[in-house]
>>> print(open('protein.txt').read())   # compact mmCIF, C-alpha atoms
# COMPACT_ATOMS: atom_id res chain seq x y z
CA MET D 1453 -100.94 33.74 -54.06
CA ASP D 1454 -103.31 36.41 -52.71
CA ALA D 1455 -105.61 33.76 -51.24
CA ALA D 1456 -102.71 31.96 -49.55
CA LEU D 1457 -101.34 35.16 -48.05
CA LEU D 1458 -104.76 36.24 -46.80
CA ALA D 1459 -105.34 32.87 -45.13
CA ALA D 1460 -101.90 33.02 -43.51
CA ALA D 1461 -102.72 36.44 -42.06
CA VAL D 1462 -105.76 35.31 -40.04
CA PRO D 1463 -104.50 33.87 -36.73
CA ALA D 1464 -107.97 33.07 -35.42
CA LYS D 1465 -108.24 31.18 -32.15
CA PRO D 1466 -110.29 28.02 -31.55
CA ASP D 1467 -114.01 28.80 -31.18
CA GLU D 1468 -113.65 32.11 -33.02
CA ARG D 1469 -115.82 32.85 -36.05
CA VAL D 1470 -114.48 34.06 -39.40
CA LEU D 1471 -116.51 35.73 -42.14
CA GLU D 1472 -115.24 36.08 -45.71
CA ALA D 1473 -116.81 38.52 -48.17
CA GLY D 1474 -116.58 37.24 -51.73
CA CYS D 1475 -115.33 33.76 -50.90
CA GLY D 1476 -115.22 32.48 -54.49
CA VAL D 1477 -114.72 28.72 -54.55
CA GLY D 1478 -113.57 28.65 -50.92
CA GLY D 1479 -109.80 28.82 -51.33
CA VAL D 1480 -109.22 31.18 -48.40
CA LEU D 1481 -111.71 29.53 -46.08
CA THR D 1482 -110.37 26.01 -46.61
CA GLN D 1483 -106.81 27.22 -46.01
CA ILE D 1484 -107.82 28.98 -42.79
CA ALA D 1485 -109.56 25.79 -41.69
CA ALA D 1486 -106.40 23.77 -42.39
CA ARG D 1487 -104.30 26.21 -40.38
CA ARG D 1488 -106.72 26.82 -37.50
CA SER D 1489 -108.53 23.99 -35.76
CA GLY D 1490 -111.81 24.77 -34.05
CA VAL D 1491 -112.52 27.90 -36.10
CA SER D 1492 -116.00 28.34 -37.61
CA LEU D 1493 -116.15 29.84 -41.10
CA LEU D 1494 -118.82 31.53 -43.19
CA GLY D 1495 -118.40 32.73 -46.76
CA ILE D 1496 -120.72 34.80 -48.91
CA GLU D 1497 -120.43 34.69 -52.70
CA ARG D 1498 -122.75 36.15 -55.34
CA ASP D 1499 -121.62 33.92 -58.21
CA ALA D 1500 -123.80 30.83 -58.07
CA VAL D 1501 -121.26 28.56 -59.78
CA ALA D 1502 -118.44 29.65 -57.47
CA SER D 1503 -120.54 29.36 -54.31
CA GLY D 1504 -121.63 25.88 -55.40
CA LEU D 1505 -118.01 24.86 -55.86
CA ALA D 1506 -117.18 26.29 -52.43
CA VAL D 1507 -119.83 24.06 -50.88
CA LYS D 1508 -118.34 21.05 -52.69
CA ASN D 1509 -114.83 22.01 -51.61
CA ALA D 1510 -115.97 22.15 -48.00
CA ALA D 1511 -117.37 18.64 -48.32
CA LEU D 1512 -114.28 17.29 -50.10
CA ASN D 1513 -112.09 18.65 -47.31
CA GLY D 1514 -114.29 17.31 -44.51
CA LEU D 1515 -115.30 20.81 -43.37
CA THR D 1516 -119.09 20.74 -43.57
CA ASP D 1517 -119.34 20.99 -39.79
CA ARG D 1518 -117.12 24.11 -39.69
CA MET D 1519 -117.58 25.89 -43.02
CA GLU D 1520 -120.80 27.34 -44.43
CA VAL D 1521 -121.24 29.14 -47.75
CA ILE D 1522 -124.13 31.47 -48.60
CA HIS D 1523 -125.05 32.40 -52.15
CA GLY D 1524 -125.67 36.12 -51.73
CA ASP D 1525 -124.46 39.63 -52.53
CA ILE D 1526 -122.58 41.79 -50.04
CA ALA D 1527 -124.33 44.82 -51.55
CA GLY D 1528 -127.34 43.77 -49.48
CA GLY D 1529 -125.38 44.57 -46.32
CA PHE D 1530 -124.29 42.45 -43.38
CA ALA D 1531 -127.62 42.84 -41.57
CA ALA D 1532 -129.30 40.85 -44.36
CA LEU D 1533 -127.43 37.75 -43.17
CA ASP D 1534 -129.23 37.92 -39.82
CA ARG D 1535 -126.16 36.62 -37.98
CA PRO D 1536 -124.36 37.84 -34.87
CA ARG D 1537 -121.19 39.76 -35.58
CA PHE D 1538 -118.02 37.79 -36.17
CA ASP D 1539 -114.60 37.80 -34.54
CA TRP D 1540 -112.89 38.17 -37.92
CA ALA D 1541 -113.97 39.49 -41.32
CA VAL D 1542 -111.62 39.01 -44.27
CA SER D 1543 -111.62 39.67 -47.99
CA ASN D 1544 -109.68 39.94 -51.21
CA PRO D 1545 -112.04 42.46 -52.87
CA PRO D 1546 -112.14 43.05 -56.63
CA PHE D 1547 -109.24 45.30 -57.58
CA PHE D 1548 -111.05 47.82 -59.75
CA ASP D 1549 -114.14 50.00 -59.36
CA ASP D 1550 -113.97 51.43 -62.88
CA GLU D 1551 -114.20 48.99 -65.77
CA SER D 1552 -112.53 51.52 -68.05
CA ALA D 1553 -109.38 51.31 -65.92
CA LEU D 1554 -108.30 48.04 -67.53
CA ARG D 1555 -108.88 45.90 -70.56
CA ALA D 1556 -112.25 44.27 -70.09
CA PRO D 1557 -111.82 40.92 -68.30
CA ALA D 1558 -113.40 37.75 -69.61
CA PRO D 1559 -117.10 37.67 -68.63
CA ALA D 1560 -116.54 34.71 -66.31
CA LYS D 1561 -113.85 36.66 -64.41
CA ARG D 1562 -115.52 40.06 -64.37
CA GLY D 1563 -116.89 39.69 -60.83
CA ALA D 1564 -113.43 38.91 -59.48
CA TRP D 1565 -111.94 42.06 -61.04
CA ILE D 1566 -114.68 44.70 -60.97
CA ALA D 1567 -116.37 45.94 -57.78
CA ASP D 1568 -119.70 47.06 -59.21
CA ASP D 1569 -120.66 48.93 -56.04
CA GLY D 1570 -117.17 50.20 -55.27
CA LEU D 1571 -114.65 49.39 -52.57
CA ALA D 1572 -116.71 51.32 -50.01
CA VAL D 1573 -119.45 48.66 -50.04
CA TRP D 1574 -116.91 45.92 -49.33
CA VAL D 1575 -115.35 47.83 -46.44
CA LYS D 1576 -118.75 48.64 -44.95
CA PHE D 1577 -119.78 44.98 -45.09
CA LEU D 1578 -116.58 43.93 -43.32
CA SER D 1579 -116.77 46.71 -40.73
CA ASP D 1580 -120.41 45.94 -39.93
CA GLY D 1581 -119.66 42.23 -39.79
CA VAL D 1582 -117.28 42.24 -36.81
CA ARG D 1583 -117.91 42.89 -33.13
CA ASP D 1584 -116.18 45.71 -31.26
CA GLY D 1585 -112.62 44.50 -30.87
CA GLY D 1586 -113.09 42.20 -33.86
CA ARG D 1587 -110.48 42.12 -36.58
CA ILE D 1588 -110.57 42.83 -40.30
CA VAL D 1589 -107.92 41.62 -42.75
CA ILE D 1590 -107.88 42.73 -46.39
CA ILE D 1591 -105.41 42.07 -49.19
CA HIS D 1592 -105.49 44.55 -52.04
CA ARG D 1593 -103.44 46.54 -54.52
CA ALA D 1594 -100.80 48.68 -52.86
CA ASP D 1595 -101.99 51.77 -54.70
CA ARG D 1596 -105.39 51.51 -52.99
CA LEU D 1597 -103.93 51.69 -49.48
CA ALA D 1598 -105.01 55.30 -48.88
CA ASP D 1599 -108.55 54.45 -50.01
CA LEU D 1600 -108.69 51.42 -47.72
CA LEU D 1601 -107.50 53.33 -44.66
CA GLY D 1602 -109.88 56.20 -45.32
CA LEU D 1603 -112.86 53.87 -45.66
CA LEU D 1604 -111.95 51.76 -42.63
CA ALA D 1605 -111.30 54.77 -40.40
CA GLY D 1606 -115.01 55.41 -39.84
CA LYS D 1607 -115.38 52.42 -37.52
CA CYS D 1608 -111.91 50.92 -37.19
CA GLY D 1609 -108.41 51.73 -36.06
CA SER D 1610 -105.25 50.09 -34.70
CA PHE D 1611 -104.10 49.60 -38.27
CA ALA D 1612 -101.21 47.30 -39.13
CA ILE D 1613 -99.95 47.28 -42.71
CA ARG D 1614 -97.70 44.69 -44.29
CA PRO D 1615 -96.42 45.46 -47.79
CA VAL D 1616 -95.88 42.52 -50.15
CA GLN D 1617 -93.01 43.06 -52.59
CA PRO D 1618 -92.15 40.85 -55.57
CA TYR D 1619 -88.41 41.54 -54.96
CA ALA D 1620 -86.61 43.47 -52.24
CA ASP D 1621 -85.59 46.16 -54.74
CA GLN D 1622 -89.08 46.60 -56.22
CA PRO D 1623 -92.10 48.50 -54.88
CA ALA D 1624 -94.89 46.62 -53.14
CA ARG D 1625 -97.72 45.52 -55.41
CA ARG D 1626 -99.97 44.24 -52.66
CA VAL D 1627 -100.70 45.28 -49.09
CA LEU D 1628 -102.23 43.31 -46.27
CA VAL D 1629 -104.21 45.60 -43.97
CA HIS D 1630 -105.23 44.55 -40.46
CA ALA D 1631 -107.73 46.72 -38.58
CA ILE D 1632 -109.62 46.42 -35.29
CA ARG D 1633 -113.18 47.66 -34.94
CA SER D 1634 -113.12 50.53 -32.41
CA GLY D 1635 -109.34 50.18 -32.16
CA LYS D 1636 -107.40 53.24 -30.97
CA ALA D 1637 -103.74 52.17 -31.17
CA PRO D 1638 -101.31 53.98 -33.48
CA LEU D 1639 -100.85 52.73 -37.03
CA ARG D 1640 -97.97 50.27 -37.46
CA LEU D 1641 -96.08 49.77 -40.73
CA LEU D 1642 -94.60 46.27 -40.57
CA PRO D 1643 -91.61 44.80 -42.42
CA ALA D 1644 -92.42 43.82 -45.98
CA LEU D 1645 -92.88 40.25 -47.10
CA VAL D 1646 -90.56 39.71 -50.07
CA LEU D 1647 -91.75 36.92 -52.35
CA HIS D 1648 -88.72 36.29 -54.57
CA ASP D 1649 -84.95 36.77 -54.58
CA ARG D 1650 -82.29 36.40 -57.25
CA SER D 1651 -81.08 32.99 -56.09
CA GLY D 1652 -83.11 31.04 -58.64
CA ALA D 1653 -85.46 29.58 -56.04
CA LYS D 1654 -89.17 30.01 -56.72
CA HIS D 1655 -89.75 31.93 -53.46
CA THR D 1656 -87.75 33.38 -50.60
CA PRO D 1657 -87.45 31.02 -47.62
CA GLU D 1658 -89.93 33.17 -45.63
CA ALA D 1659 -92.51 33.18 -48.42
CA GLU D 1660 -92.06 29.46 -49.04
CA ALA D 1661 -92.65 28.66 -45.36
CA ILE D 1662 -95.81 30.78 -45.33
CA LEU D 1663 -97.17 29.20 -48.52
CA ARG D 1664 -96.53 25.70 -47.16
CA GLY D 1665 -98.45 26.49 -43.97
CA GLU D 1666 -95.38 26.13 -41.78
CA VAL D 1667 -95.60 29.66 -40.34
CA ASP D 1668 -98.20 32.40 -40.13
CA LEU D 1669 -98.01 35.90 -41.57
CA GLY D 1670 -98.28 37.50 -38.16
CA TRP D 1671 -99.24 40.96 -37.00
>>> encode(input="protein.txt", output="structure tokens")
Amino acid sequence: MDAALLAAAVPAKPDERVLEAGCGVGGVLTQIAARRSGVSLLGIERDAVASGLAVKNAALNGLTDRMEVIHGDIAGGFAALDRPRFDWAVSNPPFFDDESALRAPAPAKRGAWIADDGLAVWVKFLSDGVRDGGRIVIIHRADRLADLLGLLAGKCGSFAIRPVQPYADQPARRVLVHAIRSGKAPLRLLPALVLHDRSGAKHTPEAEAILRGEVDLGW
């Protein structure tokens, strides 16, 4: 779900370049490619097995000319990639900095749950990775929103925040945060995306349309 929502929230234009930090097996990148023709994509992933699968997924989806995956660690910084800055930088960072905050995940899933170097390293990589006027999109736990905004504020602004609620009468569990490097516009709090209702359908009509790729999760 998080990967699908993140991909739907990246309305990149043809010929724009998108960078993903922690791309895993390529789920977000392949969905962006399916939604956005002409977009070039680069993912960086430190887990060798996952990055290898991302390369295979690019090939299986006919994306080898548009999608590149690097086996590397964002802790090394964006400059280590030796690439020009991107138009977009996106991520679904690990949710926890402190391993004691939750029951220890399975070893194979630890990297997806625990940010060894903290959320600040992820935000710095994304902020350094986009040009002035470039856009950053992050999906994360709703209770980390203040941390995200504080970390992004050093280089970014023009924030737009979209809460994601499981039901209309329940608090948001996720937030999508959109920021612009060097942006100066006031913060905007957008209407929430509600995933489920009490009708018995799996998703609300809006969520279903987004997940099927029929509409974007716009800003």
>>> residues_around(input="protein.txt", residues="Ala1624 (chain D)", least_positions_apart="4", cutoff="7 Å", atoms="all atoms listed in the file", output="list in words")
Ala1594, Pro1615, Val1616, Gln1617 and Pro1618 of chain D
>>> residues_around(input="protein.txt", residues="region 1654-1670 of chain D", least_positions_apart="3", cutoff="9 Å", atoms="all atoms listed in the file", output="PDB file with C-alpha atoms, in the coordinates of the input")
ATOM      1  CA  MET D1453    -100.940  33.740 -54.060  1.00  0.00           C
ATOM      2  CA  ALA D1456    -102.710  31.960 -49.550  1.00  0.00           C
ATOM      3  CA  LEU D1457    -101.340  35.160 -48.050  1.00  0.00           C
ATOM      4  CA  LEU D1458    -104.760  36.240 -46.800  1.00  0.00           C
ATOM      5  CA  ALA D1459    -105.340  32.870 -45.130  1.00  0.00           C
ATOM      6  CA  ALA D1460    -101.900  33.020 -43.510  1.00  0.00           C
ATOM      7  CA  ALA D1461    -102.720  36.440 -42.060  1.00  0.00           C
ATOM      8  CA  VAL D1462    -105.760  35.310 -40.040  1.00  0.00           C
ATOM      9  CA  PRO D1463    -104.500  33.870 -36.730  1.00  0.00           C
ATOM     10  CA  GLN D1483    -106.810  27.220 -46.010  1.00  0.00           C
ATOM     11  CA  ALA D1486    -106.400  23.770 -42.390  1.00  0.00           C
ATOM     12  CA  ARG D1487    -104.300  26.210 -40.380  1.00  0.00           C
ATOM     13  CA  LEU D1645     -92.880  40.250 -47.100  1.00  0.00           C
ATOM     14  CA  VAL D1646     -90.560  39.710 -50.070  1.00  0.00           C
ATOM     15  CA  LEU D1647     -91.750  36.920 -52.350  1.00  0.00           C
ATOM     16  CA  HIS D1648     -88.720  36.290 -54.570  1.00  0.00           C
ATOM     17  CA  ASP D1649     -84.950  36.770 -54.580  1.00  0.00           C
ATOM     18  CA  SER D1651     -81.080  32.990 -56.090  1.00  0.00           C
TER      19      SER D1651
END
>>> closest_residue(input="protein.txt", among="D:Arg1596, D:Arg1625, D:Lys1508, D:Arg1535", to="Gly1479 (chain D)", atoms="all atoms listed in the file")
D:Lys1508
>>> closest_residue(input="protein.txt", among="D:Leu1481, D:Ala1464, D:Ala1527, D:Ala1506", to="Trp1574 (chain D)", atoms="all atoms listed in the file")
D:Ala1527
>>> closest_residue(input="protein.txt", among="D:Ala1455, D:Ala1502, D:Val1491, D:Ala1644", to="Gln1622 (chain D)", atoms="only C-alpha atoms")
D:Ala1644
>>> atom_distance(input="protein.txt", atom1="CA of Val1501 (chain D)", atom2="CA of Arg1587 (chain D)")
29.0 Å
>>> atom_distance(input="protein.txt", atom1="CA of Asp1467 (chain D)", atom2="CA of Ala1541 (chain D)")
14.7 Å
>>> residues_around(input="protein.txt", residues="Ala1485 (chain D)", least_positions_apart="4", cutoff="9 Å", atoms="all atoms listed in the file", output="count of residues only")
11
>>> residues_around(input="protein.txt", residues="Ser1579 (chain D)", least_positions_apart="6", cutoff="12 Å", atoms="only C-alpha atoms", output="JSON, numbers by chain")
{"D": [1471, 1472, 1473, 1529, 1530, 1531, 1537, 1538, 1539, 1540, 1541, 1542, 1543, 1572, 1573, 1585, 1586, 1587, 1588, 1589, 1590, 1600, 1603, 1604, 1605, 1606, 1607, 1608, 1609, 1630, 1631, 1632, 1633, 1634, 1635]}
>>> write_last_selection(input="protein.txt", atoms="C-alpha atoms", output="PDB file, keeping the file's coordinate frame")
ATOM      1  CA  LEU D1471    -116.510  35.730 -42.140  1.00  0.00           C
ATOM      2  CA  GLU D1472    -115.240  36.080 -45.710  1.00  0.00           C
ATOM      3  CA  ALA D1473    -116.810  38.520 -48.170  1.00  0.00           C
ATOM      4  CA  GLY D1529    -125.380  44.570 -46.320  1.00  0.00           C
ATOM      5  CA  PHE D1530    -124.290  42.450 -43.380  1.00  0.00           C
ATOM      6  CA  ALA D1531    -127.620  42.840 -41.570  1.00  0.00           C
ATOM      7  CA  ARG D1537    -121.190  39.760 -35.580  1.00  0.00           C
ATOM      8  CA  PHE D1538    -118.020  37.790 -36.170  1.00  0.00           C
ATOM      9  CA  ASP D1539    -114.600  37.800 -34.540  1.00  0.00           C
ATOM     10  CA  TRP D1540    -112.890  38.170 -37.920  1.00  0.00           C
ATOM     11  CA  ALA D1541    -113.970  39.490 -41.320  1.00  0.00           C
ATOM     12  CA  VAL D1542    -111.620  39.010 -44.270  1.00  0.00           C
ATOM     13  CA  SER D1543    -111.620  39.670 -47.990  1.00  0.00           C
ATOM     14  CA  ALA D1572    -116.710  51.320 -50.010  1.00  0.00           C
ATOM     15  CA  VAL D1573    -119.450  48.660 -50.040  1.00  0.00           C
ATOM     16  CA  GLY D1585    -112.620  44.500 -30.870  1.00  0.00           C
ATOM     17  CA  GLY D1586    -113.090  42.200 -33.860  1.00  0.00           C
ATOM     18  CA  ARG D1587    -110.480  42.120 -36.580  1.00  0.00           C
ATOM     19  CA  ILE D1588    -110.570  42.830 -40.300  1.00  0.00           C
ATOM     20  CA  VAL D1589    -107.920  41.620 -42.750  1.00  0.00           C
ATOM     21  CA  ILE D1590    -107.880  42.730 -46.390  1.00  0.00           C
ATOM     22  CA  LEU D1600    -108.690  51.420 -47.720  1.00  0.00           C
ATOM     23  CA  LEU D1603    -112.860  53.870 -45.660  1.00  0.00           C
ATOM     24  CA  LEU D1604    -111.950  51.760 -42.630  1.00  0.00           C
ATOM     25  CA  ALA D1605    -111.300  54.770 -40.400  1.00  0.00           C
ATOM     26  CA  GLY D1606    -115.010  55.410 -39.840  1.00  0.00           C
ATOM     27  CA  LYS D1607    -115.380  52.420 -37.520  1.00  0.00           C
ATOM     28  CA  CYS D1608    -111.910  50.920 -37.190  1.00  0.00           C
ATOM     29  CA  GLY D1609    -108.410  51.730 -36.060  1.00  0.00           C
ATOM     30  CA  HIS D1630    -105.230  44.550 -40.460  1.00  0.00           C
ATOM     31  CA  ALA D1631    -107.730  46.720 -38.580  1.00  0.00           C
ATOM     32  CA  ILE D1632    -109.620  46.420 -35.290  1.00  0.00           C
ATOM     33  CA  ARG D1633    -113.180  47.660 -34.940  1.00  0.00           C
ATOM     34  CA  SER D1634    -113.120  50.530 -32.410  1.00  0.00           C
ATOM     35  CA  GLY D1635    -109.340  50.180 -32.160  1.00  0.00           C
TER      36      GLY D1635
END
>>> atom_distance(input="protein.txt", atom1="CA of Ile1591 (chain D)", atom2="CA of Ile1484 (chain D)")
14.8 Å
